[in-house]
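Asks: I have a structure here, written as structure tokens, and I will follow up with some questions on it.
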Amino acid sequence: MARAEEVNPNPSGFRLLSDSQLEQIHLASLEILRRTGVRVHDAEALELLAAAGCVVTDGDLVRMPPGVVEEALDKAPSRIVLCSRTGEPAMYLEAYRSYFGTGSDLPNTLDLETGERRPSVLADVEQTARLVDSLPNVEFVMSMAQASDVPAATSDRKSFLAMLTNTIKPIVFTAWDEHGLADIIAMAQTVAGGRDELALSPFLFAYLEPTSPLQHSDVVMRKMMMMIDHGLPFVYAPGPVEGASAPITSAGSLAMANAEILSGMAIAQLKKPGTPVLFGSGSGPLDMRTALATYSSPEFMHHCMAMAELGHYRYNLPVWGFSGCSDSKLADHQASIESTIWILWTALSGANLVHDLGYVESGLTCSYEMIVLCDEIVSYVRRLMDGFQITPETLALDAIDEVGPGNDYLGHAHTRRHFRQVWQPRLLDRNTYQSWEAADKPTAFGTAREIAQQAIEEHQCDPLPGGMLEELQAIVAKADAKL
């Protein structure tokens, strides 16, 4: 099995858990799968597991020998490449490359015009995709909104089409069942130019998750099998709540979630060795005062950092991450504080595919302004992570000698060569008080709102080739007709 020395070192040097602690978590997960087992509600998956030497009792309770899991880990690829809608490589999910994007399926949206919380609609999917397409530091899109103004049974197809037509960036999507997934894959194959072309240069990535604690539902298993049959990548990420659907302790929650992932990965690799699966999960504690799951607690961040370290140092797998999300109800100071901590923390972890930029209200509400603000924070944090070079040119000994004591560097050639390398904000204010006052005292949130409004009104995504939109709409219309 791949070990830490085979993985590029974390440039930050930060570690939450030692190698021995990661090994303890791994062994605990193996023991959960051996002793307690998982429920697998799918006949094909049960057949694969039984043939591999797993013990199946009580109809669908599967207990796994450690060797089955270890063998699956050896077969899982250590990198996944996602492309743009036009087929160019866009994201290399490997080592410590971090790519940030939005989240999906939020029932509420903070209206960009009124600021009021309202039910999400399909236009929010279109507009957030267009906004993401315009932002330089948000590299993939998820639906953000769960459209309430279209039939629920086919809203997954409509959301996917809305994203397809409003961004060329990679799409991470959800599908309600295997029928919706089949239609989404058909749309993607139409755009890519066929089944083989899509498998070779995928621009879509499925979000799948087990049901905590320790269950693999029939619906999710059927979706997983379909993604595997088409050679397409997916994440299989549990979302247990500590104290409710997972142990309240961070170590127990981590071990259980890891067992859920590893058992799902075993099924995937038994079905087809080499299947690209992203590793990771998100788990925060239940706040016992409010009975709400926390989204920006230190314990949630601990869980995600530990998962990233398991993926990088123990398994040599690409990692799923969280960032830019808040428990605040508004795009406000709390949201900006929590989002900033999240983005910096995730960058330190080196998680690869990092979602949920723009989430507020603990993953229930979308904020356009927060998506823009997170774009700025990602840029800031990336500059921090880049550090600086020490070379004869950057040490500037000649320039220091030429300027000498008591003079300035404003007109020096060394300054002219390098001043454009200084990071420049788009939202954060560096003006004088007088200039800020003369500009009507802009705020970061107000400027973010203006940027979002302008992008939604003016930004144009590269259009689909002629006639293709009608083909895609026909797929969705056929699904509607079946209702």
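Identifiers in the structure tokens: chain A, B, ... in order shown; residue index from 1 per chain; ligand index from 1 in order shown.
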Contacts of region 412-419 of chain A at 10 Å or less, counting only C-alpha atoms, minus same-chain residues fewer than 2 places along, as a ChimeraX atom specification?
Replies: /A:393-394,396,398-400,402-403,408-410,421-423
Asks: Find the spatial neighbours of Asp105 (chain A), counting only C-alpha atoms, within a cut-off of 6 Å - ignore same-chain residues fewer than 3 positions away - and output them as a count of residues only.
Replies: 3
Asks: Could you produce a table of the residues of region 192-300 of chain A lying within 8 Å of region 323-340 of chain A, with the nearest pair of atoms per residue and their separation in Å rounded to one decimal, using only C-alpha atoms, ordered by chain and increasing residue number, as CSV?
Replies:
residue,atom,partner,partner_atom,distance
A:Thr294,CA,A:Asp327,CA,6.8
A:Tyr295,CA,A:Asp327,CA,5.8
A:Ser296,CA,A:Ser326,CA,5.5
Asks: So that I can see what lies close to region 17-31 of chain A, please list as a VMD selection string the residues with an atom at most 6 Å from it, counting only C-alpha atoms and leaving out residues fewer than 5 positions away in the same chain.
Replies: chain A and resid 66 255 259
Asks: Need the shell around Phe173 (chain A): protein/DNA/RNA residues with any atom at most 12 Å away, counting only C-alpha atoms. Skip same-chain ones fewer than 4 positions apart. Format as a PyMOL selection string?
Replies: chain A and resi 101-105+125+140-146+155-164+180-181+184-185+188+203-208+233-235+355
